[in-house]
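Text of input-v2.txt (compact mmCIF, C-alpha atoms) as supplied:
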# COMPACT_ATOMS: atom_id res chain seq x y z
CA MET A 1 60.33 148.04 39.83
CA THR A 2 63.32 147.23 37.62
CA ASP A 3 62.98 146.40 33.94
CA LEU A 4 64.20 142.89 33.08
CA SER A 5 62.77 142.69 29.58
CA ASP A 6 59.81 144.15 27.77
CA ASP A 7 57.34 142.28 29.95
CA HIS A 8 59.06 140.63 32.96
CA PHE A 9 59.59 142.82 36.01
CA LYS A 10 61.05 142.35 39.47
CA LEU A 11 59.32 143.75 42.54
CA GLU A 12 62.12 145.25 44.61
CA ASP A 13 60.16 147.33 47.13
CA THR A 14 58.84 145.59 50.26
CA ARG A 15 55.63 147.61 50.41
CA VAL A 16 54.81 147.08 46.72
CA THR A 17 55.55 143.35 46.97
CA ARG A 18 53.16 142.96 49.90
CA ARG A 19 50.48 144.90 48.04
CA TYR A 20 50.87 142.57 45.06
CA PHE A 21 50.41 139.46 47.19
CA GLY A 22 47.56 141.07 49.13
CA LYS A 23 45.77 141.65 45.84
CA PHE A 24 46.19 138.05 44.74
CA GLU A 25 45.14 136.75 48.15
CA ARG A 26 41.78 138.42 47.57
CA ILE A 27 41.54 137.30 43.96
CA THR A 28 42.26 133.62 44.66
CA GLN A 29 39.71 133.60 47.50
CA TYR A 30 37.08 135.06 45.16
CA LEU A 31 37.75 132.38 42.54
CA ASN A 32 36.25 129.64 44.70
CA LYS A 33 33.13 131.76 45.25
CA VAL A 34 32.80 132.34 41.52
CA ALA A 35 33.15 128.60 40.88
CA ALA A 36 30.42 127.95 43.48
CA THR A 37 28.19 130.45 41.65
CA MET A 38 28.80 128.56 38.39
CA GLN A 39 27.73 125.35 40.12
CA ALA A 40 24.56 127.02 41.42
CA GLU A 41 23.79 128.18 37.88
CA ARG A 42 24.55 124.63 36.63
CA SER A 43 27.22 125.70 34.19
CA LEU A 44 29.57 123.46 36.21
CA SER A 45 28.56 120.19 37.89
CA LYS A 46 29.56 119.15 41.40
CA ARG A 47 32.12 116.79 39.88
CA ASP A 48 33.56 119.65 37.84
CA ILE A 49 33.75 121.85 40.92
CA ASP A 50 35.46 119.12 42.92
CA ALA A 51 38.15 118.95 40.24
CA VAL A 52 38.52 122.67 39.56
CA ALA A 53 38.36 123.72 43.23
CA ARG A 54 41.43 121.70 44.19
CA TYR A 55 43.49 123.67 41.66
CA LEU A 56 42.02 127.00 42.77
CA VAL A 57 42.82 126.15 46.40
CA GLY A 58 46.29 125.11 45.27
CA LEU A 59 46.71 128.47 43.53
CA ASN A 60 45.81 130.22 46.77
CA ILE A 61 48.42 128.15 48.65
CA THR A 62 51.03 128.91 45.97
CA PHE A 63 50.54 132.65 46.40
CA ARG A 64 50.58 132.29 50.19
CA SER A 65 53.88 130.38 49.94
CA LEU A 66 55.47 132.96 47.64
CA ALA A 67 54.22 135.77 49.91
CA HIS A 68 56.23 134.23 52.77
CA LYS A 69 59.28 133.80 50.55
CA TYR A 70 59.30 137.42 49.39
CA HIS A 71 57.89 139.08 52.52
CA PHE A 72 61.12 141.03 53.05
CA SER A 73 62.04 141.77 49.44
CA GLY A 74 63.92 145.04 49.33
CA ARG A 75 65.16 144.81 52.93
CA PHE A 76 68.12 142.48 52.21
CA SER A 77 70.10 141.90 49.05
CA HIS A 78 69.79 138.13 49.56
CA ALA A 79 66.04 138.22 50.23
CA GLY A 80 65.27 137.93 46.51
CA GLN A 81 62.56 139.63 44.47
CA LEU A 82 59.50 138.25 42.76
CA THR A 83 59.53 138.35 38.97
CA PHE A 84 56.14 138.71 37.33
CA ASP A 85 54.77 139.16 33.82
CA ARG A 86 53.21 142.60 33.82
CA VAL A 87 52.29 142.70 30.12
CA GLU A 88 50.81 139.32 29.20
CA SER A 89 49.37 137.91 32.42
CA GLY A 90 49.93 139.88 35.62
CA PHE A 91 50.95 136.58 37.26
CA PRO A 92 54.41 135.44 38.45
CA VAL A 93 56.61 134.08 35.70
CA TYR A 94 56.90 130.33 35.13
CA GLN A 95 60.43 130.25 36.56
CA GLU A 96 59.07 131.24 39.99
CA LEU A 97 57.05 128.02 40.17
CA LEU A 98 60.01 125.94 39.06
CA GLU A 99 62.13 127.45 41.84
CA MET A 100 59.34 126.86 44.35
CA ALA A 101 59.18 123.18 43.35
CA ASN A 102 62.95 122.88 43.82
CA ASP A 103 62.68 124.53 47.24
CA ALA A 104 59.94 122.06 48.17
CA LEU A 105 62.30 119.14 47.54
CA GLN A 106 64.73 120.61 50.07
CA ALA A 107 62.23 122.04 52.56
CA GLU A 108 62.72 119.34 55.20
CA ARG A 109 66.51 119.79 55.17
CA HIS A 110 66.20 123.58 55.52
CA LEU A 111 63.75 123.32 58.41
CA ALA A 112 66.03 120.90 60.26
CA THR A 113 68.76 123.56 60.42
CA MET A 114 66.52 126.53 61.34
CA PRO A 115 65.34 127.63 64.81
CA SER A 116 61.68 126.88 65.51
CA ALA A 117 59.05 129.59 65.01
CA GLU A 118 58.66 129.82 68.81
CA ASP A 119 62.42 130.33 69.30
CA LEU A 120 62.50 133.04 66.64
CA LYS A 121 59.57 134.85 68.23
CA ASP A 122 61.24 134.67 71.67
CA GLN A 123 64.43 136.15 70.18
CA MET A 124 62.35 138.93 68.61
CA VAL A 125 60.83 139.84 71.97
CA ARG A 126 64.26 139.94 73.61
CA THR A 127 65.60 142.13 70.80
CA ILE A 128 62.68 144.56 71.03
CA VAL A 129 62.64 144.76 74.84
CA GLY A 130 66.33 144.33 75.65
CA GLU A 131 68.02 146.10 72.73
CA GLN A 132 65.09 148.33 71.71
CA LYS A 133 65.65 147.45 68.05
CA ILE A 134 63.37 146.23 65.30
CA PRO A 135 64.36 142.54 64.80
CA THR A 136 64.31 142.70 61.01
CA LYS A 137 66.75 139.83 60.45
CA LEU A 138 64.80 137.59 62.81
CA GLN A 139 61.57 138.53 61.07
CA TYR A 140 63.14 137.58 57.76
CA ALA A 141 64.29 134.24 59.20
CA LEU A 142 60.75 133.59 60.42
CA SER A 143 59.29 134.39 56.99
CA GLN A 144 61.63 131.83 55.42
CA ARG A 145 60.71 129.23 58.02
CA LEU A 146 57.01 129.82 57.29
CA TYR A 147 57.77 129.48 53.58
CA TYR A 148 59.41 126.06 53.98
CA GLU A 149 56.70 124.91 56.40
CA GLU A 150 54.09 125.79 53.78
CA LEU A 151 56.01 123.87 51.13
CA LEU A 152 56.29 120.86 53.42
CA LYS A 153 52.51 120.80 53.84
CA GLY A 154 52.16 120.58 50.05
CA HIS A 155 49.01 121.02 47.93
CA GLN A 156 50.41 123.98 45.95
CA PHE A 157 49.55 124.60 42.32
CA TRP A 158 52.79 123.45 40.68
CA ALA A 159 54.18 124.08 37.21
CA ARG A 160 52.86 120.58 36.37
CA ASN A 161 49.91 118.99 38.14
CA ASP A 162 49.75 115.47 36.71
CA PRO A 163 46.50 113.87 35.53
CA GLN A 164 44.13 112.15 37.96
CA ALA A 165 41.20 109.96 36.92
CA VAL A 166 37.80 109.89 38.64
CA TRP A 167 35.34 107.09 37.85
CA ILE A 168 31.96 108.41 36.67
CA GLY A 169 30.06 105.21 35.90
CA ASN A 170 29.59 102.23 33.59
CA ASP A 171 27.60 101.95 30.37
CA GLY A 172 27.50 98.27 29.50
CA ASP A 173 31.08 97.06 29.18
CA ARG A 174 32.46 100.61 29.09
CA ARG A 175 33.66 102.67 32.00
CA THR A 176 33.56 106.46 31.95
CA PHE A 177 36.21 108.54 33.69
CA GLN A 178 36.80 112.23 34.15
CA ILE A 179 40.52 112.99 33.86
CA HIS A 180 41.66 116.31 35.26
CA TRP A 181 45.08 117.96 35.27
CA ALA A 182 46.59 121.43 35.25
CA VAL A 183 49.70 123.30 34.19
CA TYR A 184 51.22 126.69 34.70
CA ASP A 185 51.66 127.54 31.05
CA SER A 186 55.22 128.68 30.41
CA GLN A 187 54.33 130.59 27.22
CA VAL A 188 51.71 132.87 28.74
CA ASN A 189 52.52 132.58 32.49
CA LEU A 190 48.98 131.57 33.40
CA PRO A 191 47.43 128.66 35.32
CA THR A 192 45.41 126.41 33.03
CA ILE A 193 43.05 123.60 34.08
CA TYR A 194 41.91 120.71 31.88
CA LEU A 195 38.92 118.36 32.26
CA MET A 196 38.41 115.43 29.89
CA ASP A 197 35.52 112.92 29.94
CA VAL A 198 36.71 109.62 28.50
CA GLU A 199 34.92 106.36 27.71
CA ASP A 200 37.16 103.36 28.33
CA SER A 201 36.57 100.17 26.35
CA GLY A 202 39.77 98.50 27.58
CA ARG A 203 39.82 95.31 29.63
CA THR A 204 41.32 96.97 32.72
CA GLY A 205 40.04 100.24 34.13
CA LEU A 206 42.33 103.07 33.05
CA PRO A 207 43.73 104.17 36.44
CA LYS A 208 44.59 100.54 37.29
CA ASP A 209 46.12 99.77 33.90
CA GLU A 210 49.87 99.72 34.47
CA ARG A 211 50.58 100.07 30.75
CA ARG A 212 48.05 102.62 29.52
CA TRP A 213 47.77 104.99 32.49
CA PRO A 214 51.44 106.16 32.50
CA GLU A 215 51.23 106.60 28.71
CA VAL A 216 48.02 108.62 29.04
CA GLN A 217 49.52 110.87 31.70
CA ALA A 218 52.67 111.51 29.67
CA HIS A 219 50.65 112.15 26.49
CA LEU A 220 48.30 114.67 28.13
CA MET A 221 51.06 116.62 29.86
CA ALA A 222 53.03 116.87 26.61
CA GLN A 223 49.98 118.33 24.84
CA SER A 224 49.07 120.85 27.56
CA VAL A 225 50.22 124.07 25.94
CA ALA A 226 48.14 127.18 25.35
CA HIS A 227 48.69 127.46 21.60
CA LEU A 228 47.28 123.98 20.86
CA LYS A 229 43.58 123.92 20.01
CA LEU A 230 41.31 121.58 21.93
CA LEU A 231 40.50 119.85 18.64
CA THR A 232 44.20 119.08 18.11
CA ILE A 233 44.59 117.72 21.66
CA ALA A 234 41.43 115.58 21.52
CA LYS A 235 42.08 114.15 18.04
CA GLY A 236 45.66 113.31 18.93
CA PHE A 237 44.49 111.50 22.07
CA ASP A 238 41.73 109.69 20.17
CA GLU A 239 44.16 108.47 17.51
CA ASP A 240 46.87 107.38 19.97
CA PHE A 241 44.60 105.29 22.23
CA ASP A 242 42.20 103.03 20.32
CA ASP A 243 40.30 101.91 23.43
CA LEU A 244 39.96 105.37 24.99
CA HIS A 245 37.31 107.67 23.54
CA PRO A 246 37.37 111.37 24.50
CA VAL A 247 33.77 112.60 24.45
CA ARG A 248 34.30 115.99 26.09
CA LEU A 249 37.32 118.21 26.69
CA ARG A 250 37.37 121.52 28.54
CA ARG A 251 40.12 124.02 29.29
CA PHE A 252 39.97 126.87 31.81
CA HIS A 253 42.42 129.77 31.51
CA ILE A 254 42.76 131.66 34.82
CA GLY A 255 43.85 135.18 33.86
CA PRO A 256 45.20 137.54 32.68
CA MET A 257 44.93 139.83 35.68
CA TYR A 258 44.63 143.55 34.89
CA SER A 259 45.64 146.17 37.46
CA ASN A 260 46.52 149.84 37.09
CA ALA A 261 49.05 149.52 39.90
CA PHE A 262 50.98 146.57 38.45
CA THR A 263 50.27 145.70 34.82
CA ARG A 264 50.73 147.40 31.47
CA GLN A 265 48.16 145.71 29.27
CA THR A 266 46.46 147.94 26.73
CA GLY A 267 42.89 148.27 25.54
CA PRO A 268 39.43 149.14 26.92
CA LEU A 269 39.82 147.23 30.17
CA ARG A 270 42.89 149.24 31.09
CA GLU A 271 40.91 152.43 30.46
CA VAL A 272 38.00 151.15 32.55
CA LEU A 273 40.26 150.50 35.53
CA ALA A 274 41.76 153.97 35.22
CA ALA A 275 38.27 155.53 35.13
CA ALA A 276 37.13 153.50 38.16
CA ASN A 277 39.84 155.07 40.35
CA SER A 278 39.35 152.22 42.82
CA PRO A 279 40.95 152.08 46.27
CA VAL A 280 44.01 149.92 46.90
CA GLY A 281 43.15 146.25 46.61
CA GLU A 282 40.12 146.78 44.36
CA ASP A 283 41.78 148.13 41.20
CA TRP A 284 41.79 144.87 39.26
CA ALA A 285 39.92 142.61 36.86
CA LEU A 286 40.59 138.95 36.14
CA VAL A 287 39.71 137.14 32.91
CA TRP A 288 38.34 133.59 33.18
CA THR A 289 38.03 131.74 29.86
CA GLU A 290 36.39 128.36 29.33
CA GLU A 291 36.78 126.38 26.11
CA GLU A 292 34.73 123.26 25.46
CA LEU A 293 34.90 120.58 22.77
CA VAL A 294 32.18 117.92 22.56
CA ALA A 295 32.02 114.77 20.44
CA ASP A 296 29.12 114.88 17.99
CA ARG A 297 29.20 111.29 16.70
CA VAL A 298 31.39 108.22 16.19
CA GLU A 299 32.75 106.79 12.97
CA ARG A 300 34.50 103.48 12.43
CA VAL A 301 37.68 103.68 10.42
CA LYS A 302 39.98 100.98 9.06
CA SER A 303 42.84 99.86 11.26
CA GLY A 304 45.44 97.41 9.95
CA TRP A 305 44.51 94.81 7.31
CA PHE A 306 41.13 93.70 8.63
CA GLY A 307 40.25 95.66 11.76
CA THR A 308 38.34 98.86 12.46
CA VAL A 309 38.42 101.28 15.37
CA GLU A 310 36.18 104.06 16.64
CA ARG A 311 37.06 107.66 15.99
CA GLN A 312 35.28 110.65 17.49
CA ILE A 313 33.87 113.36 15.23
CA PHE A 314 33.78 116.60 17.21
CA ALA A 315 31.20 119.37 16.99
CA LEU A 316 32.65 122.79 16.18
CA ASP A 317 31.07 126.18 16.75
CA PRO A 318 28.87 126.71 13.68
CA PHE A 319 28.67 130.53 13.85
CA ALA A 320 30.68 132.49 11.32
CA GLY A 321 33.18 129.70 10.93
CA GLN A 322 34.57 130.39 14.39
CA GLY A 323 34.63 126.73 15.36
CA ALA A 324 37.31 125.99 12.79
CA ASP A 325 39.32 128.95 14.07
CA THR A 326 39.02 128.19 17.78
CA GLY A 327 39.03 124.40 17.52
CA ALA A 328 36.20 124.25 20.05
CA THR A 329 32.47 123.67 20.23
CA ARG A 330 32.11 126.81 22.29
CA MET A 331 34.19 129.36 24.14
CA GLU A 332 33.03 131.73 26.87
CA ARG A 333 34.99 134.56 28.44
CA SER A 334 34.11 135.98 31.82
CA LEU A 335 35.38 138.91 33.86
CA ILE A 336 35.75 138.79 37.63
CA MET A 337 36.00 142.24 39.19
CA PRO A 338 35.09 144.30 42.27
CA GLU A 339 32.11 146.67 42.29
CA ARG A 340 33.86 149.94 41.38
CA PRO A 341 35.53 148.62 38.21
CA TYR A 342 32.24 146.95 37.21
CA GLN A 343 30.37 150.25 37.58
CA ALA A 344 32.96 151.97 35.38
CA LEU A 345 32.66 149.17 32.80
CA ALA A 346 28.86 149.43 32.78
CA GLU A 347 29.00 153.21 32.31
CA ARG A 348 31.54 153.14 29.48
CA ASN A 349 30.09 149.98 27.89
CA PRO A 350 33.02 149.51 25.45
CA PRO A 351 32.51 147.41 22.31
CA GLY A 352 33.40 143.77 22.71
CA PHE A 353 32.39 143.54 26.37
CA ARG A 354 28.61 143.45 26.05
CA ASP A 355 28.52 139.66 25.62
CA VAL A 356 31.22 138.95 28.20
CA ARG A 357 29.86 137.45 31.41
CA LYS A 358 30.69 139.50 34.52
CA PHE A 359 31.10 138.27 38.08
CA VAL A 360 31.05 141.14 40.56
CA VAL A 361 32.66 140.29 43.90
CA SER A 362 32.70 142.12 47.23
CA ASP A 363 34.29 141.77 50.65
CA ARG A 364 30.80 141.05 52.00
CA GLY A 365 31.05 137.65 50.33
CA ARG A 366 28.53 138.29 47.57
CA VAL A 367 29.08 137.27 43.95
CA LEU A 368 26.68 138.78 41.44
CA SER A 369 26.53 137.38 37.92
CA HIS A 370 25.72 139.65 34.97
CA ARG A 371 25.44 138.78 31.31
So that I can check it, write out the structure of this file as structure tokens.
Amino acid sequence: MTDLSDDHFKLEDTRVTRRYFGKFERITQYLNKVAATMQAERSLSKRDIDAVARYLVGLNITFRSLAHKYHFSGRFSHAGQLTFDRVESGFPVYQELLEMANDALQAERHLATMPSAEDLKDQMVRTIVGEQKIPTKLQYALSQRLYYEELLKGHQFWARNDPQAVWIGNDGDRRTFQIHWAVYDSQVNLPTIYLMDVEDSGRTGLPKDERRWPEVQAHLMAQSVAHLKLLTIAKGFDEDFDDLHPVRLRRFHIGPMYSNAFTRQTGPLREVLAAANSPVGEDWALVWTEEELVADRVERVKSGWFGTVERQIFALDPFAGQGADTGATRMERSLIMPERPYQALAERNPPGFRDVRKFVVSDRGRVLSHR
């Protein structure tokens, strides 16, 4: 690994790069199982899962795409190396997703000038049998073809995943929609998912409104940054759209990922992973944080000379003044980790982790929830 800055590192070794992607392949597969466990426990509804799962699947496809792109890092100078944030997040840096999006725009053109996968495999066989050489350059060409094919299929988690609206139902003359969107936050290099339940008192349903819907999408994407509190986002939305009433807003932070092999975060979790001495592929823990803001009541406020409009008053966490600090009604942190790290965490029982929810995952497909 070569130091780029205090926290951004390039993976230059082929073996280490493949281990990194192998680790995330496991993690992203576990995320869907954890989400299903949350649905079974009713902390997330089926509608929530339908929205969240598409982004988790997209995250899995993103890592699979990048694994193809960097499969031969370290073998060729032009193969490129993955840059990841080993201090703050453990995830690839934001720039990697921007480059992937640019590659996706040109994927069809690249594929048109490349031999097919079958032709490349035939050439490999001839090289191995006829020349008795390892066909490294052909293998690299195949990895790049698989990368562009994956991009052409689409469905990746991109740097920006624009809002979509799902109709929930009607209450009198009001429609209710769930709006969901996601970003790869450039400040913390983490995927972040948003869900907002909105009551619509406009004449035309929001997704079909050619004026409001583009404005709503642009507004929400501009406000989707990690340092903004949910209260700030919801109040700004409420004040900018008089006939849209946000009654619930949630944000899911996926990560950071902690790993002795790759990251340099500090604190008790780092010590727990060191004590666990887990085998390759199981020396990690992933933080999953959910923030929620719920409207408590409605007030009518003056608008213009004679009119009034509704404004939401949001409920904040009443304990120890934390609601004002977090800008949320509640916040819950969870840890997703394999069995060995969980055992080490349970034995050490460091302060600050007793109230953190733990999801223990295994290759046998089980997910155990501990509070």
Requested in this report: Check the smallest atom-to-atom distance from each of A:Ile168, A:Lys229, A:Val301, A:Ser334 to Lys46 (chain A) using all atoms listed in the file, then report the winner.
Outcome: A:Ile168
Query raised in the report: Closest to Gln95 (chain A) among A:Tyr20, A:Tyr258, A:Trp167, A:Trp158, using only C-alpha atoms?
Result: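 Distance minimum relative to Gln95 (chain A) lands on A:Trp158.
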Report task. Quote the spacing between CA of Phe262 (chain A) and CA of Phe63 (chain A) in Å to one decimal place. Result ->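 Computing the Euclidean distance for CA of Phe262 (chain A) and CA of Phe63 (chain A) yields 16.0 Å.
Atom pair CA of Gly58 (chain A) / CA of His155 (chain A) has a distance of 5.6 Å (rounded to one decimal).
Distance check against Ala40 (chain A) using all atoms listed in the file: of A:Leu273, A:Leu286, A:Val367, A:Leu105, the minimum falls on A:Val367.
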Requested in this report: Please provide as number ranges by chain all residues within 9 Å of region 359-363 of chain A, with the sequence filter that same-chain residues fewer than 3 positions apart are discarded (counting all atoms listed in the file).
Outcome: A: 26, 30, 33-34, 334-339, 342, 366-371
Report task. Place a sphere of radius 12 Å on (38.9, 100.7, 29.3) in the file coordinates and name every protein, DNA or RNA residue with an atom inside or on its surface, counting only C-alpha atoms; give the answer as a PyMOL selection string. Result -> chain A and resi 167+169-177+198-209+211-213+241-246
Report task. Between A:Asp122, A:Thr266, A:Thr232, A:Gly365, single out the one closest to Asn32 (chain A), counting only C-alpha atoms. Result ->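 The closest residue to Asn32 (chain A) is A:Gly365.
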Query - Best match for closeness to Trp288 (chain A) among A:Arg248, A:Lys302, A:Arg357, A:Arg75, counting only C-alpha atoms - result: A:Arg357
Report task. Find the residues around Asp240 (chain A) up to 12 Å (only C-alpha atoms counted), leave out those fewer than 5 positions away in its own chain, and share them as a list in words. Result ->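 The neighbour list is Arg212, Glu215, Val216, His219, Leu220, Ile233, Ala234, Lys235, His245, Pro246, Val309, Glu310 and Arg311 of chain A.
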Starting from the incomplete input, reconstruct N, CA, C and O atoms of region 345-365 of chain A and write that as a PDB file, keeping the file's coordinate frame.
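Okay, result-v3.pdb is ready:
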ATOM      1  N   LEU A 345      32.858 149.944  34.037  1.00  0.00           N
ATOM      2  CA  LEU A 345      32.660 149.170  32.800  1.00  0.00           C
ATOM      3  C   LEU A 345      31.237 149.345  32.282  1.00  0.00           C
ATOM      4  O   LEU A 345      31.024 149.537  31.079  1.00  0.00           O
ATOM      5  N   ALA A 346      30.263 149.290  33.179  1.00  0.00           N
ATOM      6  CA  ALA A 346      28.860 149.430  32.780  1.00  0.00           C
ATOM      7  C   ALA A 346      28.598 150.825  32.207  1.00  0.00           C
ATOM      8  O   ALA A 346      27.834 150.986  31.249  1.00  0.00           O
ATOM      9  N   GLU A 347      29.208 151.839  32.787  1.00  0.00           N
ATOM     10  CA  GLU A 347      29.000 153.210  32.310  1.00  0.00           C
ATOM     11  C   GLU A 347      29.641 153.439  30.949  1.00  0.00           C
ATOM     12  O   GLU A 347      29.047 154.055  30.062  1.00  0.00           O
ATOM     13  N   ARG A 348      30.842 152.935  30.754  1.00  0.00           N
ATOM     14  CA  ARG A 348      31.540 153.140  29.480  1.00  0.00           C
ATOM     15  C   ARG A 348      31.037 152.198  28.404  1.00  0.00           C
ATOM     16  O   ARG A 348      31.020 152.546  27.227  1.00  0.00           O
ATOM     17  N   ASN A 349      30.666 150.972  28.800  1.00  0.00           N
ATOM     18  CA  ASN A 349      30.090 149.980  27.890  1.00  0.00           C
ATOM     19  C   ASN A 349      30.896 149.866  26.578  1.00  0.00           C
ATOM     20  O   ASN A 349      30.349 150.034  25.475  1.00  0.00           O
ATOM     21  N   PRO A 350      32.193 149.546  26.674  1.00  0.00           N
ATOM     22  CA  PRO A 350      33.020 149.510  25.450  1.00  0.00           C
ATOM     23  C   PRO A 350      32.620 148.351  24.549  1.00  0.00           C
ATOM     24  O   PRO A 350      32.131 147.307  25.023  1.00  0.00           O
ATOM     25  N   PRO A 351      32.806 148.502  23.238  1.00  0.00           N
ATOM     26  CA  PRO A 351      32.510 147.410  22.310  1.00  0.00           C
ATOM     27  C   PRO A 351      33.327 146.168  22.654  1.00  0.00           C
ATOM     28  O   PRO A 351      34.479 146.260  23.078  1.00  0.00           O
ATOM     29  N   GLY A 352      32.708 145.015  22.444  1.00  0.00           N
ATOM     30  CA  GLY A 352      33.400 143.770  22.710  1.00  0.00           C
ATOM     31  C   GLY A 352      33.182 143.210  24.093  1.00  0.00           C
ATOM     32  O   GLY A 352      33.522 142.057  24.360  1.00  0.00           O
ATOM     33  N   PHE A 353      32.603 144.006  25.001  1.00  0.00           N
ATOM     34  CA  PHE A 353      32.390 143.540  26.370  1.00  0.00           C
ATOM     35  C   PHE A 353      30.922 143.286  26.687  1.00  0.00           C
ATOM     36  O   PHE A 353      30.605 142.809  27.772  1.00  0.00           O
ATOM     37  N   ARG A 354      30.051 143.597  25.763  1.00  0.00           N
ATOM     38  CA  ARG A 354      28.610 143.450  26.050  1.00  0.00           C
ATOM     39  C   ARG A 354      28.228 141.987  26.247  1.00  0.00           C
ATOM     40  O   ARG A 354      27.338 141.680  27.039  1.00  0.00           O
ATOM     41  N   ASP A 355      28.871 141.083  25.518  1.00  0.00           N
ATOM     42  CA  ASP A 355      28.520 139.660  25.620  1.00  0.00           C
ATOM     43  C   ASP A 355      29.421 138.895  26.580  1.00  0.00           C
ATOM     44  O   ASP A 355      29.292 137.673  26.699  1.00  0.00           O
ATOM     45  N   VAL A 356      30.331 139.597  27.241  1.00  0.00           N
ATOM     46  CA  VAL A 356      31.220 138.950  28.200  1.00  0.00           C
ATOM     47  C   VAL A 356      30.496 138.842  29.542  1.00  0.00           C
ATOM     48  O   VAL A 356      29.934 139.815  30.043  1.00  0.00           O
ATOM     49  N   ARG A 357      30.508 137.647  30.109  1.00  0.00           N
ATOM     50  CA  ARG A 357      29.860 137.450  31.410  1.00  0.00           C
ATOM     51  C   ARG A 357      30.686 138.139  32.499  1.00  0.00           C
ATOM     52  O   ARG A 357      31.916 138.091  32.482  1.00  0.00           O
ATOM     53  N   LYS A 358      29.997 138.806  33.444  1.00  0.00           N
ATOM     54  CA  LYS A 358      30.690 139.500  34.520  1.00  0.00           C
ATOM     55  C   LYS A 358      30.305 138.928  35.876  1.00  0.00           C
ATOM     56  O   LYS A 358      29.120 138.744  36.149  1.00  0.00           O
ATOM     57  N   PHE A 359      31.312 138.658  36.690  1.00  0.00           N
ATOM     58  CA  PHE A 359      31.100 138.270  38.080  1.00  0.00           C
ATOM     59  C   PHE A 359      31.612 139.413  38.951  1.00  0.00           C
ATOM     60  O   PHE A 359      32.805 139.740  38.918  1.00  0.00           O
ATOM     61  N   VAL A 360      30.707 140.003  39.703  1.00  0.00           N
ATOM     62  CA  VAL A 360      31.050 141.140  40.560  1.00  0.00           C
ATOM     63  C   VAL A 360      31.185 140.639  41.987  1.00  0.00           C
ATOM     64  O   VAL A 360      30.237 140.079  42.541  1.00  0.00           O
ATOM     65  N   VAL A 361      32.369 140.836  42.577  1.00  0.00           N
ATOM     66  CA  VAL A 361      32.660 140.290  43.900  1.00  0.00           C
ATOM     67  C   VAL A 361      32.798 141.432  44.902  1.00  0.00           C
ATOM     68  O   VAL A 361      33.100 142.567  44.539  1.00  0.00           O
ATOM     69  N   SER A 362      32.569 141.108  46.167  1.00  0.00           N
ATOM     70  CA  SER A 362      32.700 142.120  47.230  1.00  0.00           C
ATOM     71  C   SER A 362      33.214 141.457  48.482  1.00  0.00           C
ATOM     72  O   SER A 362      33.125 140.246  48.660  1.00  0.00           O
ATOM     73  N   ASP A 363      33.772 142.280  49.379  1.00  0.00           N
ATOM     74  CA  ASP A 363      34.290 141.770  50.650  1.00  0.00           C
ATOM     75  C   ASP A 363      33.164 141.235  51.530  1.00  0.00           C
ATOM     76  O   ASP A 363      33.438 140.549  52.524  1.00  0.00           O
ATOM     77  N   ARG A 364      31.939 141.564  51.221  1.00  0.00           N
ATOM     78  CA  ARG A 364      30.800 141.050  52.000  1.00  0.00           C
ATOM     79  C   ARG A 364      30.477 139.600  51.638  1.00  0.00           C
ATOM     80  O   ARG A 364      29.570 139.010  52.210  1.00  0.00           O
ATOM     81  N   GLY A 365      31.226 139.048  50.675  1.00  0.00           N
ATOM     82  CA  GLY A 365      31.050 137.650  50.330  1.00  0.00           C
ATOM     83  C   GLY A 365      30.086 137.406  49.197  1.00  0.00           C
ATOM     84  O   GLY A 365      29.865 136.252  48.803  1.00  0.00           O
TER      85      GLY A 365
END
